[in-house]
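Peer 1: To be precise about what I am sending: the file is called model-v4.csv and holds CSV, C-alpha atoms and all ligand atoms.
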```csv
chain,number,residue,atom,x,y,z
A,864,MET,CA,-18.6,-0.3,58.6
A,865,ALA,CA,-15.4,-2.0,59.6
A,866,GLY,CA,-16.1,-1.2,63.3
A,867,TYR,CA,-19.2,-3.3,63.2
A,868,ARG,CA,-18.0,-6.3,61.3
A,869,SER,CA,-17.5,-8.5,64.3
A,870,GLN,CA,-21.4,-8.4,64.6
A,871,TRP,CA,-21.7,-11.0,61.8
A,872,ARG,CA,-20.4,-14.5,61.1
A,873,PRO,CA,-20.9,-15.3,57.5
A,874,ARG,CA,-19.3,-18.7,56.6
A,875,GLY,CA,-18.4,-17.6,53.1
A,876,VAL,CA,-19.4,-14.8,50.9
A,877,TYR,CA,-23.1,-14.1,51.6
A,878,LEU,CA,-24.8,-12.2,48.8
A,879,ASN,CA,-28.4,-13.3,49.4
A,880,THR,CA,-29.8,-10.6,51.8
A,881,ALA,CA,-32.7,-10.1,49.3
A,882,SER,CA,-33.8,-13.5,50.4
A,883,TYR,CA,-32.9,-13.3,54.1
A,884,GLY,CA,-30.4,-11.2,56.1
A,885,LEU,CA,-27.8,-12.6,58.6
A,886,PRO,CA,-28.4,-11.8,62.2
A,887,PRO,CA,-26.0,-9.6,64.1
A,888,GLU,CA,-24.5,-11.0,67.3
A,889,SER,CA,-26.8,-8.9,69.5
A,890,ALA,CA,-29.8,-10.4,67.9
A,891,TRP,CA,-28.4,-14.0,67.9
A,892,ASN,CA,-27.5,-13.8,71.6
A,893,ALA,CA,-30.8,-12.3,72.6
A,894,LEU,CA,-32.5,-15.2,70.7
A,895,GLN,CA,-30.3,-17.9,72.3
A,896,GLN,CA,-31.1,-16.5,75.7
A,897,ALA,CA,-34.8,-16.5,75.0
A,898,LEU,CA,-34.7,-20.1,73.7
A,899,GLU,CA,-32.9,-21.2,76.8
A,900,GLY,CA,-35.6,-19.6,78.9
A,901,TRP,CA,-38.2,-21.4,76.8
A,902,ARG,CA,-36.5,-24.8,77.2
A,903,ALA,CA,-36.1,-24.5,80.9
A,904,GLY,CA,-39.4,-22.8,81.6
A,905,GLY,CA,-37.3,-20.2,83.4
A,906,THR,CA,-39.3,-17.1,82.5
A,907,SER,CA,-42.8,-15.9,81.8
A,908,TRP,CA,-43.5,-14.6,78.3
A,909,GLU,CA,-43.7,-10.9,79.2
A,910,PRO,CA,-40.0,-10.1,78.4
A,911,TRP,CA,-40.5,-11.6,74.9
A,912,GLY,CA,-43.5,-9.4,74.5
A,913,ALA,CA,-41.5,-6.4,75.6
A,914,ALA,CA,-39.1,-7.0,72.7
A,915,THR,CA,-42.1,-6.5,70.4
A,916,GLU,CA,-42.6,-3.0,71.7
A,917,GLY,CA,-38.9,-2.2,71.6
A,918,ALA,CA,-38.8,-3.3,67.9
A,919,ARG,CA,-41.9,-1.2,67.2
A,920,THR,CA,-40.2,1.9,68.7
A,921,ALA,CA,-36.9,1.2,66.8
A,922,PHE,CA,-38.8,0.7,63.5
A,923,ALA,CA,-40.8,3.9,64.0
A,924,ALA,CA,-37.5,5.8,64.5
A,925,LEU,CA,-36.1,4.1,61.4
A,926,VAL,CA,-38.9,5.4,59.1
A,927,GLY,CA,-39.6,8.7,60.8
A,928,VAL,CA,-43.1,8.1,62.3
A,929,GLU,CA,-44.5,7.8,65.9
A,930,SER,CA,-44.6,4.3,67.3
A,931,GLU,CA,-48.4,4.8,67.7
A,932,GLU,CA,-48.6,4.8,63.9
A,933,VAL,CA,-47.0,1.3,63.6
A,934,ALA,CA,-48.8,-2.0,63.6
A,935,ILE,CA,-47.0,-5.3,64.0
A,936,GLY,CA,-47.6,-8.6,62.4
A,937,SER,CA,-45.8,-11.6,61.0
A,938,THR,CA,-45.9,-11.2,57.2
A,939,VAL,CA,-46.4,-8.5,54.6
A,940,SER,CA,-49.4,-10.3,53.0
A,941,GLY,CA,-50.9,-10.7,56.5
A,942,LEU,CA,-50.7,-7.0,57.3
A,943,LEU,CA,-51.9,-5.9,53.9
A,944,GLY,CA,-55.0,-8.3,53.9
A,945,PRO,CA,-57.1,-6.0,56.1
A,946,VAL,CA,-56.0,-2.9,54.1
A,947,ALA,CA,-57.0,-4.5,50.9
A,948,ALA,CA,-60.3,-5.8,52.3
A,949,SER,CA,-61.1,-2.3,53.5
A,950,LEU,CA,-60.7,-0.7,50.1
A,951,PRO,CA,-64.1,0.5,48.7
A,952,ASP,CA,-65.9,-1.8,46.3
A,953,GLY,CA,-64.7,-1.2,42.7
A,954,SER,CA,-61.4,0.4,43.7
A,955,ARG,CA,-58.8,0.5,40.9
A,956,VAL,CA,-55.3,-0.4,42.0
A,957,LEU,CA,-52.2,0.3,40.0
A,958,VAL,CA,-49.2,-2.0,40.6
A,959,PRO,CA,-45.8,-2.5,38.9
A,960,ASP,CA,-45.8,-5.6,36.7
A,961,GLU,CA,-43.1,-7.5,38.5
A,962,GLU,CA,-44.3,-6.7,42.0
A,963,PHE,CA,-43.7,-9.4,44.7
A,964,THR,CA,-47.1,-11.0,45.0
A,965,SER,CA,-47.6,-10.2,48.8
A,966,ASN,CA,-48.4,-6.7,47.6
A,967,LEU,CA,-50.5,-7.8,44.7
A,968,TRP,CA,-52.6,-10.8,45.5
A,969,PRO,CA,-54.2,-9.1,48.6
A,970,TYR,CA,-56.0,-6.8,45.9
A,971,LEU,CA,-56.6,-9.6,43.4
A,972,VAL,CA,-58.5,-11.6,45.9
A,973,GLN,CA,-60.9,-8.7,46.3
A,974,GLY,CA,-61.9,-9.1,42.7
A,975,ASN,CA,-65.4,-10.3,43.6
A,976,ARG,CA,-66.1,-6.8,45.0
A,977,GLY,CA,-65.0,-5.2,41.8
A,978,VAL,CA,-61.5,-4.3,42.9
A,979,ARG,CA,-59.5,-4.2,39.8
A,980,VAL,CA,-55.7,-4.3,39.3
A,981,ARG,CA,-53.8,-2.7,36.4
A,982,THR,CA,-50.1,-3.3,36.1
A,983,VAL,CA,-47.4,-1.2,34.3
A,984,PRO,CA,-43.6,-1.4,34.2
A,985,ALA,CA,-42.1,-0.1,37.5
A,986,ALA,CA,-40.3,2.7,35.8
A,987,GLN,CA,-43.5,4.1,34.4
A,988,LEU,CA,-45.5,4.0,37.6
A,989,ALA,CA,-45.4,7.8,38.5
A,990,ASP,CA,-46.6,8.7,35.0
A,991,ALA,CA,-49.2,6.0,34.8
A,992,ILE,CA,-51.1,7.3,37.9
A,993,ASP,CA,-54.2,9.1,36.7
A,994,GLY,CA,-57.8,9.9,37.6
A,995,ASN,CA,-58.6,6.2,37.2
A,996,SER,CA,-56.1,5.2,39.9
A,997,ASP,CA,-57.7,4.9,43.4
A,998,VAL,CA,-54.6,3.2,44.9
A,999,VAL,CA,-51.0,2.8,43.8
A,1000,ALA,CA,-49.3,-0.1,45.5
A,1001,PHE,CA,-45.6,-0.7,44.8
A,1002,SER,CA,-42.3,-1.8,46.3
A,1003,ALA,CA,-39.7,0.9,47.2
A,1004,VAL,CA,-37.1,-1.5,45.8
A,1005,GLN,CA,-38.2,-4.3,43.5
A,1006,SER,CA,-37.3,-7.8,44.7
A,1007,ALA,CA,-36.3,-9.4,41.4
A,1008,THR,CA,-34.5,-6.4,39.8
A,1009,GLY,CA,-33.4,-4.2,42.6
A,1010,GLU,CA,-35.0,-1.2,40.8
A,1011,VAL,CA,-35.4,1.7,43.2
A,1012,ALA,CA,-38.8,3.5,42.9
A,1013,ASP,CA,-38.8,7.2,42.4
A,1014,LEU,CA,-40.5,7.7,45.7
A,1015,HIS,CA,-40.9,11.5,45.4
A,1016,ALA,CA,-42.3,11.4,41.9
A,1017,ILE,CA,-44.8,8.6,42.8
A,1018,GLU,CA,-45.9,10.3,46.0
A,1019,ALA,CA,-46.4,13.7,44.2
A,1020,SER,CA,-48.3,12.1,41.3
A,1021,ALA,CA,-50.5,10.1,43.7
A,1022,ARG,CA,-51.2,13.2,45.7
A,1023,HIS,CA,-52.1,15.1,42.6
A,1024,HIS,CA,-54.6,12.5,41.5
A,1025,GLY,CA,-55.9,11.7,45.0
A,1026,ALA,CA,-54.6,8.0,44.9
A,1027,LEU,CA,-53.9,6.1,48.1
A,1028,THR,CA,-50.2,5.0,48.4
A,1029,ILE,CA,-49.3,1.5,49.7
A,1030,VAL,CA,-45.5,0.9,49.8
A,1031,ASP,CA,-43.8,-2.4,50.4
A,1032,ALA,CA,-40.5,-1.4,51.9
A,1033,THR,CA,-39.2,-5.0,52.6
A,1034,GLN,CA,-36.3,-4.7,50.1
A,1035,ALA,CA,-35.6,-1.1,51.2
A,1036,CYS,CA,-35.7,-0.6,55.0
A,1037,GLY,CA,-32.3,-1.2,56.4
A,1038,TRP,CA,-30.3,0.3,53.5
A,1039,LEU,CA,-32.5,2.9,51.7
A,1040,PRO,CA,-33.7,6.0,53.6
A,1041,LEU,CA,-37.5,6.1,53.6
A,1042,ASP,CA,-39.8,8.6,55.2
A,1043,ALA,CA,-43.0,6.6,55.9
A,1044,SER,CA,-45.0,9.7,56.8
A,1045,CYS,CA,-45.1,10.6,53.0
A,1046,PHE,CA,-47.3,7.5,52.3
A,1047,ASP,CA,-50.7,6.2,53.5
A,1048,PHE,CA,-49.4,2.7,54.2
A,1049,VAL,CA,-45.9,1.3,54.4
A,1050,VAL,CA,-45.4,-2.4,55.1
A,1051,CYS,CA,-42.1,-4.1,55.7
A,1052,ALA,CA,-40.9,-7.6,56.7
A,1053,ALA,CA,-37.8,-7.5,58.9
A,1054,TYR,CA,-36.1,-10.7,57.9
A,1055,LYS,CA,-34.1,-9.3,55.0
A,1056,TRP,CA,-32.3,-6.0,55.2
A,1057,LEU,CA,-33.3,-5.6,58.9
A,1058,MET,CA,-31.5,-8.9,59.6
A,1059,SER,CA,-34.2,-10.3,61.9
A,1060,PRO,CA,-35.7,-13.7,62.2
A,1061,ARG,CA,-38.6,-14.6,59.9
A,1062,GLY,CA,-41.9,-13.7,61.5
A,1063,SER,CA,-41.7,-10.0,62.3
A,1064,ALA,CA,-43.2,-7.3,60.0
A,1065,PHE,CA,-44.5,-3.8,60.4
A,1066,LEU,CA,-47.3,-1.6,58.9
A,1067,THR,CA,-47.3,2.2,59.2
A,1068,VAL,CA,-50.6,3.9,58.7
A,1069,ARG,CA,-51.1,7.6,58.1
A,1070,PRO,CA,-53.4,8.7,61.1
A,1071,GLU,CA,-56.2,10.0,58.9
A,1072,ARG,CA,-56.4,6.6,57.1
A,1073,LEU,CA,-56.7,4.5,60.2
A,1074,GLY,CA,-60.5,4.8,60.5
A,1075,SER,CA,-60.9,3.4,57.0
A,1076,VAL,CA,-59.3,0.0,57.8
A,1077,ARG,CA,-61.4,-2.7,59.5
A,1078,PRO,CA,-59.1,-4.7,61.8
A,1079,THR,CA,-60.2,-8.0,60.5
A,1080,THR,CA,-57.4,-9.8,62.3
A,1081,ALA,CA,-58.1,-8.4,65.8
A,1082,GLY,CA,-57.5,-10.5,68.9
A,1083,TRP,CA,-56.2,-9.7,72.3
A,1084,TYR,CA,-53.1,-8.0,71.1
A,1085,ALA,CA,-55.2,-5.4,69.2
A,1086,GLY,CA,-56.7,-4.4,72.5
A,1087,GLU,CA,-56.2,-0.9,74.0
A,1088,ASN,CA,-54.7,-2.7,77.0
A,1089,VAL,CA,-53.4,-6.1,75.9
A,1090,HIS,CA,-53.3,-7.5,79.5
A,1091,SER,CA,-57.0,-6.8,80.1
A,1092,SER,CA,-58.0,-8.0,76.7
A,1093,TYR,CA,-57.6,-11.8,77.3
A,1094,TYR,CA,-61.3,-12.7,77.8
A,1095,GLY,CA,-64.8,-11.7,77.0
A,1096,MET,CA,-66.9,-8.8,75.8
A,1097,PRO,CA,-67.0,-6.1,74.8
A,1098,LEU,CA,-64.7,-5.3,71.9
A,1099,ARG,CA,-62.1,-2.9,73.3
A,1100,LEU,CA,-59.7,-2.1,70.4
A,1101,ALA,CA,-56.7,0.0,70.7
A,1102,ARG,CA,-57.3,3.6,69.6
A,1103,SER,CA,-54.0,3.8,67.8
A,1104,THR,CA,-52.7,1.8,64.8
A,1105,ARG,CA,-52.0,-1.0,67.3
A,1106,ARG,CA,-55.6,-2.1,66.6
A,1107,LEU,CA,-54.1,-3.7,63.5
A,1108,ASP,CA,-51.6,-5.7,65.5
A,1109,THR,CA,-51.7,-9.5,65.5
A,1110,SER,CA,-50.2,-11.5,68.4
A,1111,PRO,CA,-46.4,-11.4,68.2
A,1112,ALA,CA,-44.4,-14.5,67.3
A,1113,TRP,CA,-42.3,-14.0,70.4
A,1114,PHE,CA,-38.9,-15.4,69.4
A,1115,SER,CA,-38.9,-13.5,66.1
A,1116,TRP,CA,-39.4,-10.2,68.0
A,1117,VAL,CA,-36.7,-11.0,70.5
A,1118,GLY,CA,-34.2,-11.1,67.6
A,1119,THR,CA,-35.8,-8.1,65.8
A,1120,GLN,CA,-35.4,-5.5,68.4
A,1121,PRO,CA,-31.6,-5.6,68.7
A,1122,ALA,CA,-31.2,-6.0,64.9
A,1123,ILE,CA,-33.1,-2.8,64.1
A,1124,GLU,CA,-31.5,-0.9,67.0
A,1125,LEU,CA,-28.1,-1.8,65.5
A,1126,VAL,CA,-29.2,-0.5,62.0
A,1127,ASN,CA,-30.3,2.7,63.7
A,1128,ARG,CA,-26.9,3.0,65.5
A,1129,ILE,CA,-24.9,2.5,62.3
A,1130,GLY,CA,-27.3,4.8,60.4
A,1131,VAL,CA,-29.1,4.1,57.1
A,1132,PRO,CA,-27.3,6.7,55.1
A,1133,ALA,CA,-23.9,5.1,56.0
A,1134,ILE,CA,-25.3,1.6,55.1
A,1135,GLN,CA,-26.6,2.9,51.8
A,1136,ARG,CA,-23.2,4.4,50.9
A,1137,HIS,CA,-21.4,1.1,51.8
A,1138,ASN,CA,-23.9,-1.1,50.0
A,1139,VAL,CA,-24.2,0.9,46.8
A,1140,GLU,CA,-20.5,1.3,46.6
A,1141,LEU,CA,-19.9,-2.4,46.8
A,1142,ALA,CA,-22.8,-3.0,44.3
A,1143,ASN,CA,-21.3,-0.5,41.9
A,1144,THR,CA,-17.8,-2.0,42.2
A,1145,PHE,CA,-19.3,-5.3,41.3
A,1146,ARG,CA,-21.2,-3.8,38.4
A,1147,SER,CA,-18.1,-2.2,37.1
A,1148,GLY,CA,-16.2,-5.5,37.3
A,1149,LEU,CA,-19.0,-7.0,35.1
A,1150,GLY,CA,-18.8,-4.1,32.7
A,1151,MET,CA,-22.1,-2.7,33.8
A,1152,ASP,CA,-22.9,1.0,34.3
A,1153,PRO,CA,-23.2,2.2,37.9
A,1154,GLY,CA,-26.6,2.0,39.6
A,1155,ASN,CA,-28.3,3.2,42.8
A,1156,SER,CA,-29.3,-0.1,44.3
A,1157,ALA,CA,-27.9,-2.6,46.8
A,1158,ILE,CA,-29.4,-5.4,44.6
A,1159,VAL,CA,-27.6,-6.2,41.3
A,1160,PRO,CA,-29.3,-8.4,38.7
A,1161,ALA,CA,-26.7,-9.5,36.2
A,1162,GLU,CA,-26.7,-11.6,33.0
A,1163,VAL,CA,-23.8,-14.0,33.6
A,1164,PRO,CA,-24.0,-17.2,31.6
A,1165,GLY,CA,-23.7,-20.3,33.8
A,1166,ALA,CA,-23.5,-18.1,37.0
A,1167,ALA,CA,-25.1,-20.7,39.3
A,1168,ALA,CA,-22.7,-23.4,38.2
A,1169,LYS,CA,-19.7,-21.1,38.5
A,1170,LEU,CA,-20.6,-20.2,42.1
A,1171,GLU,CA,-21.4,-23.9,43.1
A,1172,GLY,CA,-18.9,-25.0,45.8
A,1173,THR,CA,-17.2,-21.6,46.1
A,1174,GLY,CA,-18.8,-20.7,49.3
A,1175,ILE,CA,-20.4,-17.7,47.6
A,1176,LEU,CA,-24.2,-17.6,48.0
A,1177,ALA,CA,-26.4,-15.6,45.7
A,1178,SER,CA,-29.7,-16.3,44.0
A,1179,THR,CA,-31.3,-16.4,40.6
A,1180,ARG,CA,-34.4,-14.3,39.8
A,1181,ALA,CA,-36.1,-13.8,36.4
A,1182,GLY,CA,-33.3,-15.8,34.8
A,1183,LYS,CA,-30.5,-13.5,36.1
A,1184,LEU,CA,-28.0,-13.8,38.9
A,1185,ARG,CA,-29.2,-11.6,41.8
A,1186,THR,CA,-26.6,-10.4,44.2
A,1187,ALA,CA,-27.5,-8.3,47.3
A,1188,TRP,CA,-24.8,-6.3,49.1
A,1189,HIS,CA,-25.2,-5.4,52.8
A,1190,VAL,CA,-23.3,-4.3,55.9
A,1191,TYR,CA,-21.4,-7.6,56.3
A,1192,ASN,CA,-20.0,-7.6,52.8
A,1193,THR,CA,-16.6,-6.3,51.9
A,1194,ARG,CA,-14.4,-5.3,49.0
A,1195,ASP,CA,-12.8,-8.8,49.3
A,1196,ASP,CA,-16.3,-10.3,48.7
A,1197,VAL,CA,-16.6,-8.3,45.5
A,1198,ALA,CA,-13.2,-9.5,44.3
A,1199,LEU,CA,-13.8,-13.1,45.1
A,1200,THR,CA,-17.2,-13.1,43.4
A,1201,LEU,CA,-15.8,-11.5,40.2
A,1202,LYS,CA,-13.0,-14.0,40.2
A,1203,ALA,CA,-15.5,-16.9,40.4
A,1204,LEU,CA,-17.7,-15.5,37.7
A,1205,LEU,CA,-15.3,-14.2,35.1
B,1301,LIG,C1,-40.8,-7.1,48.2
B,1301,LIG,C2,-41.1,-8.2,49.1
B,1301,LIG,N1,-42.2,-8.1,49.9
B,1301,LIG,C3,-42.6,-9.1,50.7
B,1301,LIG,C4,-41.9,-10.3,50.8
B,1301,LIG,C5,-42.3,-11.3,51.8
B,1301,LIG,O1,-43.7,-11.3,51.9
B,1301,LIG,P1,-44.5,-12.1,53.0
B,1301,LIG,O2,-44.0,-11.6,54.4
B,1301,LIG,O3,-45.9,-11.9,52.8
B,1301,LIG,O4,-44.0,-13.5,52.9
B,1301,LIG,C6,-40.7,-10.4,50.0
B,1301,LIG,C7,-40.0,-11.7,50.0
B,1301,LIG,O5,-39.2,-12.0,49.2
B,1301,LIG,C8,-40.4,-9.4,49.2
B,1301,LIG,O6,-39.3,-9.4,48.4
```
Let me see whether you can do it: turn the structure in this file into structure tokens.

Peer 2:
Amino acid sequence: MAGYRSQWRPRGVYLNTASYGLPPESAWNALQQALEGWRAGGTSWEPWGAATEGARTAFAALVGVESEEVAIGSTVSGLLGPVAASLPDGSRVLVPDEEFTSNLWPYLVQGNRGVRVRTVPAAQLADAIDGNSDVVAFSAVQSATGEVADLHAIEASARHHGALTIVDATQACGWLPLDASCFDFVVCAAYKWLMSPRGSAFLTVRPERLGSVRPTTAGWYAGENVHSSYYGMPLRLARSTRRLDTSPAWFSWVGTQPAIELVNRIGVPAIQRHNVELANTFRSGLGMDPGNSAIVPAEVPGAAAKLEGTGILASTRAGKLRTAWHVYNTRDDVALTLKALL
């Protein structure tokens, strides 16, 4: 990881990637150039649009699917809305009980059609899937606790019971290897572990599921040919998953392409080793058993006050200190944080 360290410029010790990730130089520079072009009116928008397609290709490679199987949008909840709205009336959805609401409320708002949500502790999800589960929707890594889902067990149990799988990989992609082809839908916002600006997100769709989703957000960017989709009749949707695209927030995508390409160059397994090793060194310093996550929730009395003014930035979730360890963190960061807390 040391060879890449010059890509980031944290001011202090940044342990808050579970909230937002820091941009690599390549992403920052691309964004500054685009902003200059915007201020001066020096370019048409097409190069910003091209970054969207570059980011789609890079994300597809990251999660092991074809780029035609990836839709782009701005938020997790925005991409899941049409998926939830397309579930049959009366669908029964199983969700972990601390799930981030962007992968919960899209189903709850379908309650008027009889869509019902049942929640269980995340660790019991695979066992809780049964003949009454039409859909299982869960995060690959839980936002508040860092708990890593048993992806294989959940996938196998869902397949056995014929349940659709909807995975929120926002806290996973960028450090946890994930094969999106194993699931019906995988959604991911890029502004955390993929170190991109807020405003870019992806949805992969298993090809045989595409026909069941009504593209309720369709506009020109969901067209088969976006440049001949600006005006008028008839509806001419893309045949591929791009029919679920929403118009790209240009500047977000300009920063997203280089950031994901860098993640792919470094390699997710290498990032996972680095992140989990730092997380476990930190856990050990606090007297905790080793774990398998880059996110560490810890019960440290007065943690927020102890970190105040130290230049160490973490967050508090569910009453615990939440630290998140990523590519730009070092062993020195672990030592400084332990020193401040203990
Ligand atoms: C697991 C998870 N999903 C999604 C999001 C963000 O969702 P949205 O893009 O709908 O704001 C977060 C933000 O913290 C998250 O932790």

Peer 1: Using only C-alpha atoms and all ligand atoms, which protein or nucleic acid residues are at most 8 Å from ligand LIG 1301 (chain B), as a list in words?

Peer 2: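 Within the 8 Å cut-off, the matching residues are Ala881, Ser882, Ser937, Thr938, Val939, Ser940, Gly941, Glu962, Phe963, Thr964, Ser965, Asn966, Ser1002, Val1004, Gln1005, Ser1006, Ala1007, Asp1031, Ala1032, Thr1033, Gln1034, Cys1051, Ala1052, Gly1062 and Ala1064 of chain A.
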
Peer 1: Compile a residue-level contact table for range 1084-1133 of chain A against range 1040-1048 of chain A at a cut-off of 12 Å, reporting for every qualifying residue the shortest atom pair and its distance in Å to one decimal, with only C-alpha atoms counted, rows ordered by chain and ascending number, as a tab-separated table.

Peer 2:
```
residue	atom	partner	partner_atom	distance
A:Thr1104	CA	A:Phe1048	CA	11.1
A:Val1126	CA	A:Pro1040	CA	11.5
A:Asn1127	CA	A:Pro1040	CA	11.2
A:Gly1130	CA	A:Pro1040	CA	9.4
A:Val1131	CA	A:Pro1040	CA	6.1
A:Pro1132	CA	A:Pro1040	CA	6.6
A:Ala1133	CA	A:Pro1040	CA	10.1
```

Peer 1: Using only C-alpha atoms, which residues of range 1110-1133 of chain A come within 7 Å of range 900-919 of chain A, and what is the closest atom pair for each, with the distance in Å to one decimal? Give it as a tab-separated table, sorted by chain and residue number.

Peer 2:
```
residue	atom	partner	partner_atom	distance
A:Pro1111	CA	A:Thr915	CA	6.9
A:Trp1113	CA	A:Trp911	CA	5.4
A:Phe1114	CA	A:Trp911	CA	6.9
A:Trp1116	CA	A:Thr915	CA	5.2
A:Val1117	CA	A:Ala914	CA	5.2
A:Thr1119	CA	A:Ala918	CA	6.0
A:Gln1120	CA	A:Ala918	CA	4.1
A:Ile1123	CA	A:Ala918	CA	6.9
```

Peer 1: Just checking: using only C-alpha atoms, which residue out of A:Glu1171, A:Glu1140, A:Asp1013, A:Glu1071 ends up closest to Val1159 in chain A?

Peer 2: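 Going through A:Glu1171, A:Glu1140, A:Asp1013, A:Glu1071 one by one, the smallest distance to Val1159 in chain A is for A:Glu1140.
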
Peer 1: What are the nearest atom pairs, with distances in Å to one decimal, for all residues of range 1027-1097 of chain A that come at most 10 Å from range 1180-1204 of chain A, using all atoms listed in the file, set out by chain and rising residue number as a tab-separated table?

Peer 2:
```
residue	atom	partner	partner_atom	distance
A:Gln1034	CA	A:Ala1187	CA	9.9
A:Gly1037	CA	A:His1189	CA	9.0
A:Trp1038	CA	A:His1189	CA	7.7
A:Lys1055	CA	A:His1189	CA	10.0
A:Trp1056	CA	A:His1189	CA	7.5
A:Met1058	CA	A:His1189	CA	9.9
```

Peer 1: Write a file of the selected residues as a PDB file, in the frame of the given file, keeping C-alpha atoms.

Peer 2:
```pdb
ATOM      1  CA  GLN A1034     -36.300  -4.700  50.100  1.00  0.00           C
ATOM      2  CA  GLY A1037     -32.300  -1.200  56.400  1.00  0.00           C
ATOM      3  CA  TRP A1038     -30.300   0.300  53.500  1.00  0.00           C
ATOM      4  CA  LYS A1055     -34.100  -9.300  55.000  1.00  0.00           C
ATOM      5  CA  TRP A1056     -32.300  -6.000  55.200  1.00  0.00           C
ATOM      6  CA  MET A1058     -31.500  -8.900  59.600  1.00  0.00           C
TER       7      MET A1058
END
```

Peer 1: One number please: CA of Met1096 in chain A to CA of Pro951 in chain A, in Å, one decimal.

Peer 2: 28.8 Å
